[in-house]
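Here is the file run_3.tsv (TSV, C-alpha atoms).
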```tsv
chain	number	residue	atom	x	y	z
B	1	VAL	CA	0.12	2.50	-18.54
B	2	ASP	CA	0.23	3.96	-22.00
B	3	ASP	CA	2.77	6.65	-21.17
B	4	LEU	CA	5.86	5.35	-19.35
B	5	ALA	CA	6.61	8.84	-18.03
B	6	SER	CA	3.44	8.67	-15.97
B	7	ILE	CA	4.98	5.92	-13.83
B	8	GLY	CA	7.92	8.06	-12.76
B	9	ALA	CA	5.65	11.05	-12.25
B	10	ALA	CA	3.32	9.03	-10.00
B	11	VAL	CA	6.19	7.73	-7.85
B	12	ASP	CA	7.71	11.23	-7.69
B	13	ARG	CA	4.31	12.57	-6.58
B	14	LEU	CA	4.25	10.10	-3.68
B	15	ARG	CA	7.84	10.95	-2.74
B	16	ALA	CA	7.07	14.67	-2.70
B	17	THR	CA	3.75	14.32	-0.87
B	18	PRO	CA	3.53	11.06	1.07
B	19	PRO	CA	0.01	10.21	2.22
B	20	SER	CA	-0.78	10.72	5.90
B	21	SER	CA	-3.38	7.95	5.73
B	22	LEU	CA	-4.56	5.25	3.32
B	23	GLY	CA	-7.95	3.63	3.54
B	24	GLY	CA	-8.63	5.54	6.74
B	25	LEU	CA	-5.55	4.05	8.43
B	26	PRO	CA	-2.81	6.44	9.59
B	27	VAL	CA	0.58	6.08	7.90
B	28	VAL	CA	2.98	5.60	10.81
B	29	LEU	CA	6.12	5.12	8.68
B	30	ALA	CA	6.91	6.13	5.11
B	31	GLU	CA	10.12	4.70	3.67
B	32	ASP	CA	11.80	5.59	0.39
B	33	LEU	CA	13.52	2.40	-0.69
B	34	ALA	CA	15.80	4.24	-3.15
B	35	ALA	CA	18.50	4.57	-0.49
B	36	GLY	CA	18.18	0.99	0.76
B	37	VAL	CA	16.33	0.21	3.98
B	38	SER	CA	16.87	-2.36	6.74
B	39	GLY	CA	19.76	-4.02	4.92
B	40	LEU	CA	17.87	-4.23	1.61
B	41	PRO	CA	19.65	-2.97	-1.51
B	42	PRO	CA	18.41	0.29	-3.04
B	43	THR	CA	15.37	0.01	-5.31
B	44	ASP	CA	12.94	2.44	-6.88
B	45	GLY	CA	10.05	1.98	-4.50
B	46	LEU	CA	8.14	3.26	-1.49
B	47	ARG	CA	6.88	1.42	1.57
B	48	TYR	CA	4.20	2.60	3.97
B	49	ARG	CA	3.34	1.04	7.31
B	50	LEU	CA	-0.21	1.67	8.46
B	51	ASP	CA	-1.71	1.58	11.95
B	52	GLY	CA	-4.59	-0.86	11.64
B	53	SER	CA	-5.38	-0.75	15.34
B	54	VAL	CA	-7.62	2.29	14.80
B	55	ARG	CA	-10.08	-0.10	13.14
B	56	GLY	CA	-9.41	-3.22	15.18
B	57	LEU	CA	-6.98	-4.54	12.57
B	58	GLY	CA	-3.39	-5.64	12.80
B	59	PRO	CA	-0.50	-3.81	11.14
B	60	SER	CA	-0.88	-3.17	7.44
B	61	ARG	CA	1.56	-2.10	4.73
B	62	VAL	CA	1.69	-0.82	1.19
B	63	ILE	CA	4.59	-1.10	-1.25
B	64	VAL	CA	4.65	0.80	-4.54
B	65	ARG	CA	7.26	0.25	-7.25
B	66	PRO	CA	7.62	0.50	-10.99
B	67	SER	CA	7.86	-2.80	-12.82
B	68	GLY	CA	11.30	-3.53	-14.18
B	69	THR	CA	10.01	-5.34	-17.26
B	70	GLU	CA	6.50	-4.05	-18.04
B	71	PRO	CA	4.81	-0.66	-18.43
B	72	LYS	CA	3.18	-1.04	-15.01
B	73	LEU	CA	3.26	0.51	-11.58
B	74	LYS	CA	2.96	-2.29	-9.05
B	75	SER	CA	1.30	-1.93	-5.67
B	76	TYR	CA	1.38	-4.56	-2.97
B	77	LEU	CA	-1.23	-4.18	-0.24
B	78	GLU	CA	-1.25	-6.15	3.01
B	79	VAL	CA	-3.95	-6.01	5.69
B	80	VAL	CA	-4.00	-8.15	8.82
B	81	VAL	CA	-7.44	-8.91	10.24
B	82	PRO	CA	-7.70	-10.89	13.47
B	83	VAL	CA	-10.08	-13.84	13.30
B	84	ALA	CA	-12.49	-13.94	16.20
B	85	GLU	CA	-15.03	-16.75	16.31
B	86	SER	CA	-17.38	-14.58	18.33
B	87	THR	CA	-17.64	-12.02	15.51
B	88	GLY	CA	-18.13	-14.15	12.42
B	89	GLY	CA	-14.87	-16.05	12.17
B	90	ILE	CA	-12.89	-16.38	8.95
B	91	ALA	CA	-15.75	-15.30	6.67
B	92	GLN	CA	-16.12	-11.98	8.49
B	93	ALA	CA	-12.35	-11.47	8.60
B	94	ARG	CA	-12.09	-12.01	4.83
B	95	HIS	CA	-14.93	-9.58	4.22
B	96	ALA	CA	-13.31	-6.93	6.45
B	97	ALA	CA	-9.94	-7.45	4.74
B	98	ARG	CA	-11.48	-7.14	1.27
B	99	GLU	CA	-13.22	-3.88	2.22
B	100	GLN	CA	-10.07	-2.45	3.78
B	101	LEU	CA	-7.93	-3.42	0.76
B	102	GLU	CA	-10.41	-1.75	-1.58
B	103	ALA	CA	-10.36	1.44	0.52
B	104	ILE	CA	-6.56	1.51	0.57
B	105	GLY	CA	-6.39	0.87	-3.18
B	106	LYS	CA	-8.80	3.67	-3.94
B	107	GLU	CA	-6.90	6.22	-1.85
B	108	LEU	CA	-3.55	5.02	-3.20
B	109	SER	CA	-4.75	5.49	-6.78
B	110	ALA	CA	-5.83	9.02	-5.93
B	111	ALA	CA	-2.49	9.77	-4.25
B	112	LEU	CA	-0.67	8.47	-7.34
B	113	GLY	CA	-2.84	10.60	-9.60
B	114	LEU	CA	-3.98	7.55	-11.55
```
Could you write out this file's structure as C-alpha cells?
Amino acid sequence: VDDLASIGAAVDRLRATPPSSLGGLPVVLAEDLAAGVSGLPPTDGLRYRLDGSVRGLGPSRVIVRPSGTEPKLKSYLEVVVPVAESTGGIAQARHAAREQLEAIGKELSAALGL
C-alpha cells in the first residue's frame, strides 16, 4: 500500500464488521488473533473458518495480517477440494479450487475496503 494507515484501517474494519460469508461460503468462526488463540501468542491478525460443505468442498480458512516488515496486508487463503475420479479428478479439483479462491479473494478485498 502507499499509505500505511490504510492497513490498520482495513484490519480495524474487519474487526468491527466481520464478514458473514466469503466467496459464498458461510463464516462459521471468526477469531481475532490479537488476544492469542489456541495456545498461539497474540498477533495482529484475524482468522476465519469457512463452511465449504455448502458447495461440496472441505473446510476452508482465511487469515489476514499486516506484514511486519513491508507496507503490505497479507492474506492467506486455503480451500480444500475433494478429488473424485468420477467428476474430473485432480484437474477438475484444481479448477474448482482456483475459482473458489478467486471468489474469496474478491469478497475479502471488498470487506477490507481495498
Shell around Pro26 in chain B at 10 Å using all atoms listed in the file, local window under 5 positions removed, as a PDB file with C-alpha atoms, keeping the file's coordinate frame:
```pdb
ATOM      1  CA  PRO B  19       0.010  10.210   2.220  1.00  0.00           C
ATOM      2  CA  SER B  20      -0.780  10.720   5.900  1.00  0.00           C
ATOM      3  CA  SER B  21      -3.380   7.950   5.730  1.00  0.00           C
ATOM      4  CA  TYR B  48       4.200   2.600   3.970  1.00  0.00           C
ATOM      5  CA  ARG B  49       3.340   1.040   7.310  1.00  0.00           C
ATOM      6  CA  LEU B  50      -0.210   1.670   8.460  1.00  0.00           C
ATOM      7  CA  ASP B  51      -1.710   1.580  11.950  1.00  0.00           C
ATOM      8  CA  GLY B  52      -4.590  -0.860  11.640  1.00  0.00           C
ATOM      9  CA  SER B  53      -5.380  -0.750  15.340  1.00  0.00           C
ATOM     10  CA  VAL B  54      -7.620   2.290  14.800  1.00  0.00           C
TER      11      VAL B  54
END
```
Please, what distance in Å, to one decimal, runs between CA of Ala91 in chain B and CA of Ala103 in chain B? 18.6 Å
Within 10 Å of Pro42 in chain B, counting all atoms listed in the file, which residues show up once you throw out same-chain ones fewer than 4 positions away? Write them as a PyMOL selection string, please. chain B and resi 32-37
What is the CA of Lys106 in chain B-CA of Ile90 in chain B distance in Å, reported with one decimal? 24.2 Å
Distance criterion (all atoms listed in the file): nearest to Tyr76 in chain B out of B:Ser38, B:Gln92, B:Ser60, B:Thr43: B:Ser60
Within 12 Å of range 3-10 of chain B, which residues of range 39-93 of chain B show up? Give each one with its shortest atom-to-atom distance in Å (one decimal) and the two atoms involved, counting all atoms listed in the file, rows by chain then rising residue number, as a tab-separated table.
```
residue	atom	partner	partner_atom	distance
B:Asp44	CA	B:Gly8	CA	9.6
B:Gly45	CA	B:Gly8	CA	10.5
B:Leu46	CA	B:Ala10	CA	11.4
B:Val64	CA	B:Ala10	CA	10.0
B:Arg65	CA	B:Ile7	CA	9.0
B:Pro66	CA	B:Ile7	CA	6.7
B:Ser67	CA	B:Ile7	CA	9.2
B:Gly68	CA	B:Ile7	CA	11.4
B:Thr69	CA	B:Leu4	CA	11.7
B:Glu70	CA	B:Leu4	CA	9.5
B:Pro71	CA	B:Leu4	CA	6.2
B:Lys72	CA	B:Ile7	CA	7.3
B:Leu73	CA	B:Ile7	CA	6.1
B:Lys74	CA	B:Ile7	CA	9.7
B:Ser75	CA	B:Ile7	CA	11.9
```
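Nearest residue to Gly105 in chain B, choosing from B:Val79, B:Leu22, B:Leu40, B:Ala30 and counting all atoms listed in the file: B:Leu22.
As for CA of Arg47 in chain B and CA of Arg98 in chain B, they are spaced 20.3 Å apart.
Considering all atoms listed in the file, the residue among B:Leu14, B:Ala84, B:Leu57, B:Leu112 positioned nearest to Gln100 in chain B is B:Leu57.
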Give, as AutoDock Vina command-line options, the centre coordinates and the x, y and z edge lengths in Å to one decimal for an axis-aligned box around all listed atoms of range 90-95 of chain B, padded by 3 Å on each side.
```
--center_x -14.1 --center_y -13.0 --center_z 6.6 --size_x 10.0 --size_y 12.8 --size_z 10.7
```
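Minimum atom-to-atom distances from B:Gly88, B:Gly23, B:Arg15, B:Val80 to Ala110 in chain B were compared using all atoms listed in the file, and the lowest value belongs to B:Gly23.
Taking only C-alpha atoms into account, Pro82 in chain B lies nearest to B:Ala97 out of the set B:Ile63, B:Val1, B:Leu108, B:Ala97.
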Some atoms are absent from range 96-107 of chain B, so rebuild all heavy atoms and return them as a PDB file, keeping the file's coordinate frame.
```
ATOM      1  N   ALA B  96     -13.920  -8.159   5.922  1.00  0.00           N
ATOM      2  CA  ALA B  96     -13.310  -6.930   6.450  1.00  0.00           C
ATOM      3  C   ALA B  96     -12.005  -6.620   5.719  1.00  0.00           C
ATOM      4  O   ALA B  96     -11.734  -5.461   5.383  1.00  0.00           O
ATOM      5  CB  ALA B  96     -13.068  -7.067   7.949  1.00  0.00           C
ATOM      6  N   ALA B  97     -11.207  -7.642   5.451  1.00  0.00           N
ATOM      7  CA  ALA B  97      -9.940  -7.450   4.740  1.00  0.00           C
ATOM      8  C   ALA B  97     -10.190  -6.946   3.323  1.00  0.00           C
ATOM      9  O   ALA B  97      -9.522  -6.018   2.857  1.00  0.00           O
ATOM     10  CB  ALA B  97      -9.142  -8.744   4.715  1.00  0.00           C
ATOM     11  N   ARG B  98     -11.153  -7.546   2.640  1.00  0.00           N
ATOM     12  CA  ARG B  98     -11.480  -7.140   1.270  1.00  0.00           C
ATOM     13  C   ARG B  98     -11.903  -5.668   1.236  1.00  0.00           C
ATOM     14  O   ARG B  98     -11.437  -4.892   0.397  1.00  0.00           O
ATOM     15  CB  ARG B  98     -12.583  -8.023   0.701  1.00  0.00           C
ATOM     16  CG  ARG B  98     -12.844  -7.838  -0.769  1.00  0.00           C
ATOM     17  CD  ARG B  98     -13.880  -8.826  -1.325  1.00  0.00           C
ATOM     18  NE  ARG B  98     -13.644 -10.197  -0.895  1.00  0.00           N
ATOM     19  CZ  ARG B  98     -14.419 -10.875  -0.033  1.00  0.00           C
ATOM     20  NH1 ARG B  98     -15.482 -10.322   0.496  1.00  0.00           N
ATOM     21  NH2 ARG B  98     -14.133 -12.113   0.301  1.00  0.00           N
ATOM     22  N   GLU B  99     -12.771  -5.274   2.168  1.00  0.00           N
ATOM     23  CA  GLU B  99     -13.220  -3.880   2.220  1.00  0.00           C
ATOM     24  C   GLU B  99     -12.062  -2.929   2.510  1.00  0.00           C
ATOM     25  O   GLU B  99     -11.958  -1.868   1.901  1.00  0.00           O
ATOM     26  CB  GLU B  99     -14.309  -3.715   3.276  1.00  0.00           C
ATOM     27  CG  GLU B  99     -15.642  -4.269   2.853  1.00  0.00           C
ATOM     28  CD  GLU B  99     -16.738  -3.995   3.881  1.00  0.00           C
ATOM     29  OE1 GLU B  99     -16.423  -3.746   5.072  1.00  0.00           O
ATOM     30  OE2 GLU B  99     -17.911  -4.027   3.474  1.00  0.00           O
ATOM     31  N   GLN B 100     -11.197  -3.315   3.434  1.00  0.00           N
ATOM     32  CA  GLN B 100     -10.070  -2.450   3.780  1.00  0.00           C
ATOM     33  C   GLN B 100      -9.096  -2.345   2.610  1.00  0.00           C
ATOM     34  O   GLN B 100      -8.582  -1.267   2.311  1.00  0.00           O
ATOM     35  CB  GLN B 100      -9.360  -2.966   5.024  1.00  0.00           C
ATOM     36  CG  GLN B 100      -8.320  -2.011   5.567  1.00  0.00           C
ATOM     37  CD  GLN B 100      -8.917  -0.681   5.994  1.00  0.00           C
ATOM     38  OE1 GLN B 100      -9.842  -0.635   6.782  1.00  0.00           O
ATOM     39  NE2 GLN B 100      -8.391   0.406   5.475  1.00  0.00           N
ATOM     40  N   LEU B 101      -8.822  -3.456   1.921  1.00  0.00           N
ATOM     41  CA  LEU B 101      -7.930  -3.420   0.760  1.00  0.00           C
ATOM     42  C   LEU B 101      -8.486  -2.530  -0.337  1.00  0.00           C
ATOM     43  O   LEU B 101      -7.743  -1.767  -0.972  1.00  0.00           O
ATOM     44  CB  LEU B 101      -7.686  -4.838   0.234  1.00  0.00           C
ATOM     45  CG  LEU B 101      -6.813  -5.727   1.120  1.00  0.00           C
ATOM     46  CD1 LEU B 101      -6.864  -7.168   0.638  1.00  0.00           C
ATOM     47  CD2 LEU B 101      -5.383  -5.213   1.155  1.00  0.00           C
ATOM     48  N   GLU B 102      -9.790  -2.597  -0.570  1.00  0.00           N
ATOM     49  CA  GLU B 102     -10.410  -1.750  -1.580  1.00  0.00           C
ATOM     50  C   GLU B 102     -10.287  -0.271  -1.208  1.00  0.00           C
ATOM     51  O   GLU B 102     -10.002   0.569  -2.055  1.00  0.00           O
ATOM     52  CB  GLU B 102     -11.878  -2.129  -1.777  1.00  0.00           C
ATOM     53  CG  GLU B 102     -12.057  -3.440  -2.509  1.00  0.00           C
ATOM     54  CD  GLU B 102     -13.508  -3.910  -2.584  1.00  0.00           C
ATOM     55  OE1 GLU B 102     -14.418  -3.168  -2.148  1.00  0.00           O
ATOM     56  OE2 GLU B 102     -13.715  -5.032  -3.075  1.00  0.00           O
ATOM     57  N   ALA B 103     -10.485   0.057   0.064  1.00  0.00           N
ATOM     58  CA  ALA B 103     -10.360   1.440   0.520  1.00  0.00           C
ATOM     59  C   ALA B 103      -8.933   1.946   0.370  1.00  0.00           C
ATOM     60  O   ALA B 103      -8.701   3.068  -0.088  1.00  0.00           O
ATOM     61  CB  ALA B 103     -10.837   1.557   1.970  1.00  0.00           C
ATOM     62  N   ILE B 104      -7.959   1.125   0.721  1.00  0.00           N
ATOM     63  CA  ILE B 104      -6.560   1.510   0.570  1.00  0.00           C
ATOM     64  C   ILE B 104      -6.241   1.704  -0.907  1.00  0.00           C
ATOM     65  O   ILE B 104      -5.605   2.693  -1.291  1.00  0.00           O
ATOM     66  CB  ILE B 104      -5.623   0.454   1.201  1.00  0.00           C
ATOM     67  CG1 ILE B 104      -5.749   0.467   2.730  1.00  0.00           C
ATOM     68  CG2 ILE B 104      -4.170   0.705   0.793  1.00  0.00           C
ATOM     69  CD1 ILE B 104      -5.045  -0.691   3.420  1.00  0.00           C
ATOM     70  N   GLY B 105      -6.654   0.774  -1.749  1.00  0.00           N
ATOM     71  CA  GLY B 105      -6.390   0.870  -3.180  1.00  0.00           C
ATOM     72  C   GLY B 105      -6.961   2.125  -3.806  1.00  0.00           C
ATOM     73  O   GLY B 105      -6.315   2.785  -4.621  1.00  0.00           O
ATOM     74  N   LYS B 106      -8.158   2.479  -3.407  1.00  0.00           N
ATOM     75  CA  LYS B 106      -8.800   3.670  -3.940  1.00  0.00           C
ATOM     76  C   LYS B 106      -8.027   4.935  -3.558  1.00  0.00           C
ATOM     77  O   LYS B 106      -7.763   5.780  -4.410  1.00  0.00           O
ATOM     78  CB  LYS B 106     -10.234   3.751  -3.425  1.00  0.00           C
ATOM     79  CG  LYS B 106     -11.025   4.899  -3.989  1.00  0.00           C
ATOM     80  CD  LYS B 106     -12.469   4.850  -3.502  1.00  0.00           C
ATOM     81  CE  LYS B 106     -13.257   6.013  -4.055  1.00  0.00           C
ATOM     82  NZ  LYS B 106     -14.653   5.994  -3.603  1.00  0.00           N
ATOM     83  N   GLU B 107      -7.657   5.043  -2.301  1.00  0.00           N
ATOM     84  CA  GLU B 107      -6.900   6.220  -1.850  1.00  0.00           C
ATOM     85  C   GLU B 107      -5.495   6.243  -2.421  1.00  0.00           C
ATOM     86  O   GLU B 107      -4.961   7.313  -2.721  1.00  0.00           O
ATOM     87  CB  GLU B 107      -6.889   6.295  -0.332  1.00  0.00           C
ATOM     88  CG  GLU B 107      -8.235   6.688   0.229  1.00  0.00           C
ATOM     89  CD  GLU B 107      -8.209   6.973   1.722  1.00  0.00           C
ATOM     90  OE1 GLU B 107      -7.112   7.214   2.285  1.00  0.00           O
ATOM     91  OE2 GLU B 107      -9.290   6.973   2.321  1.00  0.00           O
TER      92      GLU B 107
END
```
